[in-house]
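A.B. asks: You'll find input-v3.txt just under this line, and it carries compact mmCIF, C-alpha atoms.
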# COMPACT_ATOMS: atom_id res chain seq x y z
CA MET H 1 -149.66 106.74 -156.14
CA ASP H 2 -152.63 108.66 -154.77
CA HIS H 3 -152.46 112.17 -156.18
CA LYS H 4 -155.65 113.33 -154.54
CA PHE H 5 -155.07 116.34 -152.33
CA THR H 6 -157.92 116.22 -149.86
CA ARG H 7 -159.10 119.05 -147.62
CA ARG H 8 -157.74 117.15 -144.62
CA ARG H 9 -154.29 116.82 -146.20
CA PHE H 10 -154.36 120.51 -147.13
CA LEU H 11 -155.12 121.53 -143.54
CA GLN H 12 -152.38 119.24 -142.26
CA SER H 13 -149.90 120.77 -144.71
CA ALA H 14 -151.00 124.29 -143.93
CA GLY H 15 -150.66 123.62 -140.22
CA ALA H 16 -147.15 122.27 -140.69
CA ALA H 17 -146.18 125.26 -142.80
CA ALA H 18 -147.51 127.63 -140.19
CA TYR H 19 -145.54 125.82 -137.52
CA ILE H 20 -142.34 125.89 -139.57
CA GLY H 21 -142.86 129.56 -140.29
CA ALA H 22 -143.23 130.29 -136.60
CA GLU H 23 -140.12 128.27 -135.77
CA LEU H 24 -138.10 130.11 -138.40
CA GLY H 25 -139.34 133.47 -137.23
CA LEU H 26 -141.04 134.20 -140.52
CA PRO H 27 -143.63 136.98 -140.43
CA SER H 28 -147.26 136.08 -140.20
CA ARG H 29 -149.64 137.48 -142.78
CA ALA H 30 -150.66 140.17 -140.31
CA GLN H 31 -147.05 141.06 -139.69
CA ALA H 32 -146.18 141.04 -143.38
CA ALA H 33 -149.06 143.30 -144.33
CA PRO H 34 -147.92 146.89 -145.01
CA GLN H 35 -148.64 149.38 -142.28
CA GLU H 36 -151.57 151.64 -143.00
CA VAL H 37 -150.38 155.14 -143.79
CA GLY H 38 -152.92 157.76 -142.81
CA PRO H 39 -152.84 161.51 -143.35
CA GLN H 40 -151.01 162.13 -140.08
CA ASN H 41 -148.36 159.55 -140.94
CA VAL H 42 -147.79 161.17 -144.32
CA LYS H 43 -147.50 164.59 -142.69
CA ALA H 44 -144.69 163.30 -140.49
CA MET H 45 -142.78 161.55 -143.29
CA ALA H 46 -139.76 163.64 -144.23
CA ARG H 47 -138.85 163.60 -147.93
CA LEU H 48 -135.46 165.22 -148.31
CA PHE H 49 -133.95 165.66 -151.76
CA PRO H 50 -130.46 166.98 -152.62
CA GLY H 51 -130.51 169.97 -154.95
CA CYS H 52 -128.19 172.66 -156.23
CA CYS H 53 -128.61 176.39 -156.85
CA ALA H 54 -127.29 177.87 -160.06
CA TYR H 55 -125.92 180.65 -157.82
CA SER H 56 -123.27 178.16 -156.68
CA PHE H 57 -121.55 178.68 -160.05
CA LEU H 58 -121.74 182.47 -159.88
CA GLN H 59 -118.22 183.09 -161.16
CA TYR H 60 -118.77 180.85 -164.19
CA LEU H 61 -122.27 182.07 -165.05
CA LYS H 62 -121.61 185.79 -164.75
CA ASN H 63 -118.73 185.78 -167.23
CA GLY H 64 -120.37 183.41 -169.71
CA ARG H 65 -118.10 180.41 -169.13
CA MET H 66 -121.21 178.43 -168.17
CA THR H 67 -124.74 178.57 -169.53
CA MET H 68 -127.88 177.52 -167.66
CA GLN H 69 -127.96 174.43 -169.85
CA ASP H 70 -124.34 173.69 -168.84
CA PHE H 71 -125.33 174.08 -165.19
CA ILE H 72 -128.03 171.43 -165.56
CA ARG H 73 -125.54 168.98 -167.08
CA GLU H 74 -122.96 169.77 -164.41
CA ILE H 75 -125.27 168.93 -161.51
CA VAL H 76 -126.09 165.61 -163.17
CA ARG H 77 -122.38 164.82 -162.97
CA MET H 78 -122.40 165.71 -159.25
CA GLY H 79 -125.46 163.64 -158.44
CA SER H 80 -127.85 166.46 -157.58
CA ILE H 81 -131.52 165.59 -157.96
CA GLY H 82 -132.98 169.08 -158.46
CA ALA H 83 -131.94 172.40 -160.00
CA ASP H 84 -132.74 175.81 -158.49
CA MET H 85 -132.65 178.20 -161.42
CA THR H 86 -131.28 181.57 -160.31
CA VAL H 87 -132.68 183.85 -163.00
CA TYR H 88 -129.91 186.49 -162.82
CA TRP H 89 -128.09 184.83 -165.70
CA PHE H 90 -130.99 183.93 -167.96
CA LYS H 91 -130.08 185.21 -171.42
CA SER H 92 -133.72 185.87 -172.19
CA THR H 93 -137.26 185.38 -170.97
CA ASP H 94 -138.44 184.53 -174.47
CA ALA H 95 -140.47 181.34 -174.74
CA ALA H 96 -137.96 179.63 -177.05
CA TYR H 97 -135.07 180.13 -174.59
CA LEU H 98 -137.09 178.96 -171.58
CA ASP H 99 -138.45 175.99 -173.50
CA ASP H 100 -134.91 174.93 -174.40
CA ILE H 101 -133.84 175.02 -170.73
CA ARG H 102 -136.90 173.00 -169.80
CA HIS H 103 -136.17 170.46 -172.53
CA VAL H 104 -132.50 170.08 -171.52
CA ALA H 105 -133.59 169.49 -167.92
CA PHE H 106 -136.13 166.88 -169.00
CA LYS H 107 -133.64 165.05 -171.22
CA ASN H 108 -131.22 164.89 -168.29
CA GLY H 109 -133.83 163.75 -165.77
CA VAL H 110 -133.52 166.92 -163.67
CA PRO H 111 -136.62 168.39 -162.00
CA PHE H 112 -136.63 172.06 -161.08
CA SER H 113 -136.75 172.67 -157.33
CA GLY H 114 -137.74 176.19 -158.36
CA ALA H 115 -136.50 179.49 -159.69
CA ALA H 116 -134.99 182.39 -157.74
CA CYS H 117 -135.40 186.07 -158.55
CA GLY H 118 -133.96 189.11 -156.80
CA SER H 119 -137.13 191.13 -156.36
CA SER H 120 -136.89 193.21 -153.16
CA MET H 121 -140.20 194.17 -151.57
CA VAL H 122 -138.97 196.67 -149.00
CA GLN H 123 -139.68 199.90 -150.89
CA ALA H 124 -140.85 203.08 -149.16
CA ASP H 125 -142.32 204.48 -152.37
CA LEU H 126 -145.75 203.15 -153.35
CA ALA H 127 -145.00 203.33 -157.07
CA LYS H 128 -141.85 201.25 -156.55
CA ARG H 129 -143.79 198.66 -154.55
CA ARG H 130 -146.27 198.38 -157.40
CA GLN H 131 -143.40 197.88 -159.81
CA VAL H 132 -141.92 195.14 -157.61
CA LEU H 133 -145.27 193.36 -157.65
CA GLU H 134 -145.30 193.46 -161.44
CA ASP H 135 -141.72 192.22 -161.51
CA ILE H 136 -142.61 189.25 -159.30
CA LYS H 137 -145.57 188.46 -161.54
CA LYS H 138 -143.21 188.44 -164.52
CA TRP H 139 -140.94 185.92 -162.82
CA VAL H 140 -143.95 183.83 -161.81
CA ASP H 141 -144.77 183.61 -165.51
CA VAL H 142 -141.19 182.58 -166.26
CA THR H 143 -141.30 179.96 -163.52
CA ASP H 144 -144.54 178.65 -164.96
CA ARG H 145 -143.02 178.43 -168.45
CA LEU H 146 -140.11 176.41 -167.04
CA GLY H 147 -142.55 173.98 -165.45
CA ALA H 148 -141.36 174.74 -161.90
CA SER H 149 -143.61 175.19 -158.87
CA HIS H 150 -141.60 177.50 -156.62
CA LEU H 151 -140.14 181.01 -156.88
CA ARG H 152 -137.75 182.54 -154.33
CA VAL H 153 -138.28 186.24 -153.53
CA PHE H 154 -136.59 188.65 -151.14
CA GLY H 155 -137.93 190.96 -148.45
CA GLY H 156 -134.93 193.22 -148.95
CA GLU H 157 -132.74 195.73 -147.16
CA LEU H 158 -134.57 198.39 -145.17
CA PRO H 159 -134.22 201.89 -146.66
CA PRO H 160 -132.62 204.52 -144.39
CA GLY H 161 -134.91 205.52 -141.55
CA ALA H 162 -137.41 202.70 -142.09
CA THR H 163 -138.42 200.44 -139.20
CA ILE H 164 -138.82 196.67 -139.14
CA LYS H 165 -142.56 197.17 -138.74
CA GLN H 166 -142.76 199.37 -141.83
CA GLY H 167 -140.68 196.90 -143.82
CA THR H 168 -142.87 194.02 -142.71
CA ASP H 169 -146.00 195.94 -143.70
CA TRP H 170 -144.58 196.60 -147.18
CA VAL H 171 -143.67 192.94 -147.66
CA VAL H 172 -147.14 191.78 -146.65
CA GLU H 173 -148.72 194.39 -148.94
CA ILE H 174 -146.88 192.90 -151.93
CA MET H 175 -146.87 189.22 -150.92
CA LYS H 176 -150.65 188.95 -150.62
CA PRO H 177 -151.50 189.81 -154.24
CA ALA H 178 -148.30 188.16 -155.50
CA CYS H 179 -149.30 184.85 -153.88
CA GLU H 180 -152.82 185.20 -155.22
CA TYR H 181 -151.40 185.60 -158.74
CA ALA H 182 -148.88 182.77 -158.31
CA GLY H 183 -151.48 180.46 -156.81
CA LYS H 184 -153.58 180.59 -159.96
CA LYS H 185 -150.65 178.92 -161.70
CA GLY H 186 -149.95 176.46 -158.87
CA ILE H 187 -146.74 178.27 -157.93
CA THR H 188 -145.60 178.96 -154.37
CA LEU H 189 -143.60 182.03 -153.42
CA GLY H 190 -140.88 181.41 -150.86
CA ILE H 191 -139.55 184.51 -149.12
CA GLU H 192 -135.93 184.01 -148.10
CA ASP H 193 -134.58 184.80 -144.67
CA HIS H 194 -131.81 187.07 -145.85
CA SER H 195 -129.96 190.20 -144.85
CA GLY H 196 -132.46 192.94 -144.20
CA VAL H 197 -136.01 192.77 -142.96
CA THR H 198 -136.32 188.95 -142.90
CA GLN H 199 -133.16 188.08 -141.00
CA SER H 200 -135.10 186.91 -137.94
CA ALA H 201 -137.52 184.02 -137.63
CA ASP H 202 -140.04 186.21 -135.81
CA VAL H 203 -140.44 188.50 -138.84
CA CYS H 204 -140.60 185.57 -141.28
CA LEU H 205 -143.33 183.92 -139.22
CA GLU H 206 -145.27 187.17 -138.87
CA ILE H 207 -145.22 187.56 -142.66
CA MET H 208 -146.52 184.01 -143.06
CA ARG H 209 -149.35 184.61 -140.59
CA ARG H 210 -150.41 187.88 -142.17
CA VAL H 211 -150.15 186.80 -145.80
CA ASP H 212 -152.09 183.67 -144.83
CA SER H 213 -151.88 181.90 -148.18
CA PRO H 214 -151.26 178.25 -149.07
CA TYR H 215 -149.00 179.64 -151.81
CA ALA H 216 -146.72 181.51 -149.38
CA GLY H 217 -143.72 179.90 -147.75
CA ILE H 218 -140.19 180.46 -146.52
CA ASN H 219 -137.19 179.77 -148.72
CA LEU H 220 -135.22 178.68 -145.67
CA ASP H 221 -131.55 179.56 -145.88
CA ILE H 222 -130.03 177.85 -142.86
CA THR H 223 -127.10 180.27 -142.54
CA HIS H 224 -128.58 183.79 -142.39
CA PHE H 225 -130.45 184.11 -139.09
CA ILE H 226 -128.97 186.53 -136.58
CA PRO H 227 -128.88 184.96 -133.09
CA THR H 228 -130.78 186.83 -130.38
CA ALA H 229 -130.63 186.72 -126.58
CA THR H 230 -133.39 184.10 -126.55
CA GLU H 231 -133.01 182.24 -129.87
CA ASP H 232 -129.85 181.02 -131.53
CA ALA H 233 -129.73 180.24 -135.24
CA TYR H 234 -130.78 176.61 -134.73
CA ALA H 235 -133.90 177.60 -132.78
CA GLN H 236 -134.87 180.00 -135.56
CA ILE H 237 -134.32 177.37 -138.25
CA LYS H 238 -136.53 174.95 -136.33
CA ALA H 239 -139.27 177.56 -135.90
CA CYS H 240 -139.42 178.16 -139.66
CA ILE H 241 -139.33 174.54 -140.87
CA PRO H 242 -143.16 174.15 -140.76
CA TYR H 243 -143.35 176.97 -143.35
CA ALA H 244 -140.29 175.95 -145.40
CA THR H 245 -141.04 175.40 -149.08
CA HIS H 246 -137.41 175.17 -150.24
CA SER H 247 -134.05 175.38 -148.51
CA HIS H 248 -130.62 176.79 -149.34
CA ILE H 249 -127.65 175.05 -147.78
CA ARG H 250 -124.12 176.10 -146.91
CA ASP H 251 -121.93 174.50 -144.26
CA HIS H 252 -120.91 177.75 -142.50
CA PHE H 253 -123.04 180.48 -140.97
CA ASP H 254 -122.55 184.06 -142.15
CA ASP H 255 -120.11 184.70 -139.30
CA GLY H 256 -117.92 181.79 -140.43
CA THR H 257 -118.99 179.34 -137.72
CA PRO H 258 -119.41 175.78 -139.02
CA VAL H 259 -123.00 174.54 -139.26
CA ASP H 260 -123.84 171.34 -137.40
CA MET H 261 -125.46 169.91 -140.51
CA ASP H 262 -126.46 166.62 -138.91
CA ARG H 263 -128.39 168.57 -136.28
CA VAL H 264 -130.11 170.64 -138.96
CA TRP H 265 -131.10 167.56 -140.96
CA ARG H 266 -132.58 165.97 -137.85
CA MET H 267 -134.75 169.07 -137.45
CA PHE H 268 -135.90 168.82 -141.06
CA ARG H 269 -136.70 165.15 -140.50
CA ASP H 270 -138.54 165.75 -137.23
CA GLY H 271 -140.47 168.59 -138.85
CA GLY H 272 -141.67 166.31 -141.67
CA TYR H 273 -140.11 168.60 -144.30
CA LYS H 274 -140.78 167.59 -147.87
CA GLY H 275 -138.65 169.20 -150.52
CA PHE H 276 -135.21 170.13 -151.73
CA LEU H 277 -132.16 171.08 -149.72
CA SER H 278 -130.14 172.90 -152.34
CA ALA H 279 -126.44 173.66 -152.18
CA GLU H 280 -125.74 177.37 -152.47
CA TYR H 281 -121.97 177.44 -152.50
CA GLU H 282 -120.11 180.65 -151.68
CA GLY H 283 -116.73 179.27 -150.61
CA LYS H 284 -113.29 180.41 -151.72
CA GLU H 285 -112.52 177.17 -153.55
CA ASP H 286 -113.25 176.87 -157.26
CA PRO H 287 -116.93 175.87 -157.58
CA MET H 288 -115.98 172.99 -159.86
CA THR H 289 -114.36 171.29 -156.86
CA GLY H 290 -116.07 173.10 -153.97
CA VAL H 291 -119.68 172.49 -155.01
CA PRO H 292 -119.30 168.70 -155.37
CA LYS H 293 -117.86 168.53 -151.84
CA LEU H 294 -120.86 170.37 -150.42
CA MET H 295 -123.19 168.24 -152.55
CA ASP H 296 -121.65 165.07 -151.13
CA LYS H 297 -122.48 166.20 -147.59
CA ILE H 298 -126.05 167.02 -148.61
CA LYS H 299 -126.53 163.71 -150.41
CA ARG H 300 -125.27 161.67 -147.44
CA LEU H 301 -127.56 163.48 -145.00
CA CYS H 302 -130.60 163.18 -147.26
CA ALA H 303 -129.96 159.45 -147.61
CA LYS H 304 -129.60 159.18 -143.83
CA TYR H 305 -132.73 161.06 -142.79
CA SER H 306 -135.24 160.91 -145.65
CA THR H 307 -138.09 158.40 -145.88
CA SER H 308 -137.76 158.48 -149.67
CA GLN H 309 -135.26 156.24 -151.41
CA VAL H 310 -133.08 158.36 -153.68
Would you write the structure of this file as structure tokens?

C.D. replies:
Amino acid sequence: MDHKFTRRRFLQSAGAAAYIGAELGLPSRAQAAPQEVGPQNVKAMARLFPGCCAYSFLQYLKNGRMTMQDFIREIVRMGSIGADMTVYWFKSTDAAYLDDIRHVAFKNGVPFSGAACGSSMVQADLAKRRQVLEDIKKWVDVTDRLGASHLRVFGGELPPGATIKQGTDWVVEIMKPACEYAGKKGITLGIEDHSGVTQSADVCLEIMRRVDSPYAGINLDITHFIPTATEDAYAQIKACIPYATHSHIRDHFDDGTPVDMDRVWRMFRDGGYKGFLSAEYEGKEDPMTGVPKLMDKIKRLCAKYSTSQV
């Protein structure tokens, strides 16, 4: 038998293979090659990850029935990817305590979506504003020790007689140096749209424009915006998505109206959001059963709309 495989026979075989491939509808090499992903493509690629806020287990954490380490293990059971560490129930800010939390998270394969402090920047008194700035810096240091890259802060409730403009000025006054400090550690500060000065998208966006820092963002809670004559809650959520650095999720607005979560996730997808959508449960049901139900909704929607495979 002639085992020589001449160039002519090779070309004949290759031609036949190409023909068969075409007949079978197999992709050509050009078709099979991966699509080039440029900077603009990456910008548009939504990466949506399910997370959970420690605040969801408020009633267990505040009375000591759950520790922060327990919280990390609990969200593993529920299938959450990330943990948002609400610092209200940290037993200490000592290095040994924070290192233990970080180690428990690592051993359980849980990244931190961030930390969340309660610092309120709307203070009429200059000395108090300076103290708030120092407080934020302290929590930036804690966030850094945990190995997280995001810290939630509040604008806060306006003091009696103060205007929205005054409150916005005070927030910007504190946010600028706070972001400068946080940025040196690679940490982003996300101001939450919450009751008080930041309960409208317009104010949140003005703060972003005036602070003008790559380390400033919006911790976008989808349930807190107050509808106006021209913008409902959904329009305000959409307006803030380009600045969203983390998100808190409930399935009902503050007035009790159900959230169209599929609509919200489409907006996050269309906005190219990259980050965590973290359950922040405040329902009447026991968190041990209520939080997993909310997490299941979040996980299904992230799987449906994210370009990442989780």

A.B. asks: Sorted by chain and rising residue number, which residues of region 65-168 of chain H lie within 12 Å of region 220-239 of chain H, and what are their closest atom pairs and distances in Å to one decimal, counting all atoms listed in the file, as a tab-separated table?

C.D. replies:
residue	atom	partner	partner_atom	distance
H:Arg152	CA	H:Leu220	CA	9.8
H:Val153	CA	H:Leu220	CA	11.3
H:Phe154	CA	H:Leu220	CA	11.5

A.B. asks: Would you please work out which residue, of H:Asp144, H:Val132, H:Asp251, H:Phe276, is nearest to Lys293 (chain H) when using only C-alpha atoms?

C.D. replies: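 Looking only at the distances to Lys293 (chain H), the closest residue turns out to be H:Asp251.
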
A.B. asks: What does the structure give for the distance between CA of Pro159 (chain H) and CA of Ala216 (chain H), in Å to one decimal?

C.D. replies: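 Separating CA of Pro159 (chain H) from CA of Ala216 (chain H) is a distance of 24.1 Å.
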
A.B. asks: Mind giving me the straight-line distance from CA of Leu294 (chain H) to CA of Ile72 (chain H) in Å, one decimal?

C.D. replies: 16.8 Å

A.B. asks: Could you state the separation of CA of Ile191 (chain H) and CA of Lys297 (chain H) in Å, given to one decimal place?

C.D. replies: 25.1 Å

A.B. asks: Fewer than 6 positions away in the same chain doesn't count, so skip those; otherwise give me all residues within 10 Å of Met85 (chain H), counting only C-alpha atoms, as an mmCIF file with C-alpha atoms, in the coordinates of the input.

C.D. replies:
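Writing the result to selection_29.cif gives the following:
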data_model
loop_
_atom_site.group_PDB
_atom_site.id
_atom_site.type_symbol
_atom_site.label_atom_id
_atom_site.label_comp_id
_atom_site.auth_asym_id
_atom_site.auth_seq_id
_atom_site.Cartn_x
_atom_site.Cartn_y
_atom_site.Cartn_z
ATOM 1 C CA CYS H 52 -128.190 172.660 -156.230
ATOM 2 C CA CYS H 53 -128.610 176.390 -156.850
ATOM 3 C CA ALA H 54 -127.290 177.870 -160.060
ATOM 4 C CA TYR H 55 -125.920 180.650 -157.820
ATOM 5 C CA MET H 68 -127.880 177.520 -167.660
ATOM 6 C CA PHE H 71 -125.330 174.080 -165.190
ATOM 7 C CA ILE H 72 -128.030 171.430 -165.560
ATOM 8 C CA ILE H 101 -133.840 175.020 -170.730
ATOM 9 C CA PHE H 112 -136.630 172.060 -161.080
ATOM 10 C CA SER H 113 -136.750 172.670 -157.330
ATOM 11 C CA GLY H 114 -137.740 176.190 -158.360
ATOM 12 C CA ALA H 115 -136.500 179.490 -159.690
ATOM 13 C CA ALA H 116 -134.990 182.390 -157.740
ATOM 14 C CA CYS H 117 -135.400 186.070 -158.550
ATOM 15 C CA THR H 143 -141.300 179.960 -163.520
ATOM 16 C CA LEU H 146 -140.110 176.410 -167.040
ATOM 17 C CA ALA H 148 -141.360 174.740 -161.900
ATOM 18 C CA LEU H 151 -140.140 181.010 -156.880
ATOM 19 C CA ARG H 152 -137.750 182.540 -154.330
#

A.B. asks: As a VMD selection string, please: the residues near Ser306 (chain H) (cut-off 12 Å, all atoms listed in the file, same-chain neighbours under 3 positions excluded).

C.D. replies: chain H and resid 44 to 50 265 to 277 298 to 303 309 to 310

A.B. asks: Between H:Val197, H:Cys240, H:Ala95, H:Met78, which residue has the minimum interatomic distance to Gly167 (chain H), considering all atoms listed in the file?

C.D. replies: H:Val197

A.B. asks: Any idea what's packed within 12 Å of Met66 (chain H), counting only C-alpha atoms, ignoring anything in its chain fewer than 3 positions away? Could you give it as a list in words?

C.D. replies: Ala54, Tyr55, Ser56, Phe57, Leu58, Gln59, Tyr60, Leu61, Lys62, Asn63, Gln69, Asp70, Phe71, Ile72, Arg73, Glu74, Trp89, Phe90, Lys91, Pro287 and Met288 of chain H

A.B. asks: Would you save region 216-233 of chain H from the block above with N, CA and C atoms, as a PDB file, in the first residue's frame?

C.D. replies:
ATOM      1  N   ALA H 216     -15.337  58.139  43.618  1.00  0.00           N
ATOM      2  CA  ALA H 216     -16.669  58.487  44.124  1.00  0.00           C
ATOM      3  C   ALA H 216     -17.710  57.783  43.278  1.00  0.00           C
ATOM      4  N   GLY H 217     -18.716  57.239  43.921  1.00  0.00           N
ATOM      5  CA  GLY H 217     -19.792  56.573  43.196  1.00  0.00           C
ATOM      6  C   GLY H 217     -21.074  56.605  44.000  1.00  0.00           C
ATOM      7  N   ILE H 218     -22.084  55.955  43.469  1.00  0.00           N
ATOM      8  CA  ILE H 218     -23.391  55.880  44.129  1.00  0.00           C
ATOM      9  C   ILE H 218     -23.645  54.441  44.552  1.00  0.00           C
ATOM     10  N   ASN H 219     -23.884  54.253  45.831  1.00  0.00           N
ATOM     11  CA  ASN H 219     -24.345  52.958  46.336  1.00  0.00           C
ATOM     12  C   ASN H 219     -25.853  52.933  46.064  1.00  0.00           C
ATOM     13  N   LEU H 220     -26.224  52.381  44.933  1.00  0.00           N
ATOM     14  CA  LEU H 220     -27.572  52.558  44.394  1.00  0.00           C
ATOM     15  C   LEU H 220     -28.573  51.611  45.043  1.00  0.00           C
ATOM     16  N   ASP H 221     -29.356  52.150  45.970  1.00  0.00           N
ATOM     17  CA  ASP H 221     -30.468  51.402  46.541  1.00  0.00           C
ATOM     18  C   ASP H 221     -31.669  51.635  45.638  1.00  0.00           C
ATOM     19  N   ILE H 222     -32.201  50.575  45.065  1.00  0.00           N
ATOM     20  CA  ILE H 222     -33.242  50.732  44.045  1.00  0.00           C
ATOM     21  C   ILE H 222     -34.607  51.111  44.617  1.00  0.00           C
ATOM     22  N   THR H 223     -34.734  51.167  45.939  1.00  0.00           N
ATOM     23  CA  THR H 223     -36.072  51.333  46.520  1.00  0.00           C
ATOM     24  C   THR H 223     -36.328  52.687  47.169  1.00  0.00           C
ATOM     25  N   HIS H 224     -35.341  53.578  47.234  1.00  0.00           N
ATOM     26  CA  HIS H 224     -35.483  54.776  48.071  1.00  0.00           C
ATOM     27  C   HIS H 224     -35.855  56.066  47.345  1.00  0.00           C
ATOM     28  N   PHE H 225     -35.746  56.120  46.029  1.00  0.00           N
ATOM     29  CA  PHE H 225     -36.026  57.378  45.343  1.00  0.00           C
ATOM     30  C   PHE H 225     -37.488  57.789  45.498  1.00  0.00           C
ATOM     31  N   ILE H 226     -37.681  59.085  45.716  1.00  0.00           N
ATOM     32  CA  ILE H 226     -39.037  59.636  45.800  1.00  0.00           C
ATOM     33  C   ILE H 226     -39.456  60.091  44.406  1.00  0.00           C
ATOM     34  N   PRO H 227     -40.533  59.547  43.852  1.00  0.00           N
ATOM     35  CA  PRO H 227     -40.977  59.962  42.516  1.00  0.00           C
ATOM     36  C   PRO H 227     -41.320  61.448  42.479  1.00  0.00           C
ATOM     37  N   THR H 228     -41.024  62.071  41.360  1.00  0.00           N
ATOM     38  CA  THR H 228     -41.361  63.484  41.153  1.00  0.00           C
ATOM     39  C   THR H 228     -42.369  63.592  40.016  1.00  0.00           C
ATOM     40  N   ALA H 229     -42.775  64.814  39.700  1.00  0.00           N
ATOM     41  CA  ALA H 229     -43.739  65.030  38.617  1.00  0.00           C
ATOM     42  C   ALA H 229     -43.164  64.626  37.265  1.00  0.00           C
ATOM     43  N   THR H 230     -41.852  64.635  37.138  1.00  0.00           N
ATOM     44  CA  THR H 230     -41.222  64.354  35.844  1.00  0.00           C
ATOM     45  C   THR H 230     -40.442  63.039  35.809  1.00  0.00           C
ATOM     46  N   GLU H 231     -40.079  62.495  36.990  1.00  0.00           N
ATOM     47  CA  GLU H 231     -39.279  61.275  37.019  1.00  0.00           C
ATOM     48  C   GLU H 231     -39.798  60.303  38.077  1.00  0.00           C
ATOM     49  N   ASP H 232     -40.220  59.129  37.619  1.00  0.00           N
ATOM     50  CA  ASP H 232     -40.604  58.115  38.596  1.00  0.00           C
ATOM     51  C   ASP H 232     -39.337  57.438  39.127  1.00  0.00           C
ATOM     52  N   ALA H 233     -39.528  56.470  39.994  1.00  0.00           N
ATOM     53  CA  ALA H 233     -38.373  55.811  40.618  1.00  0.00           C
ATOM     54  C   ALA H 233     -37.496  55.116  39.574  1.00  0.00           C
TER      55      ALA H 233
END
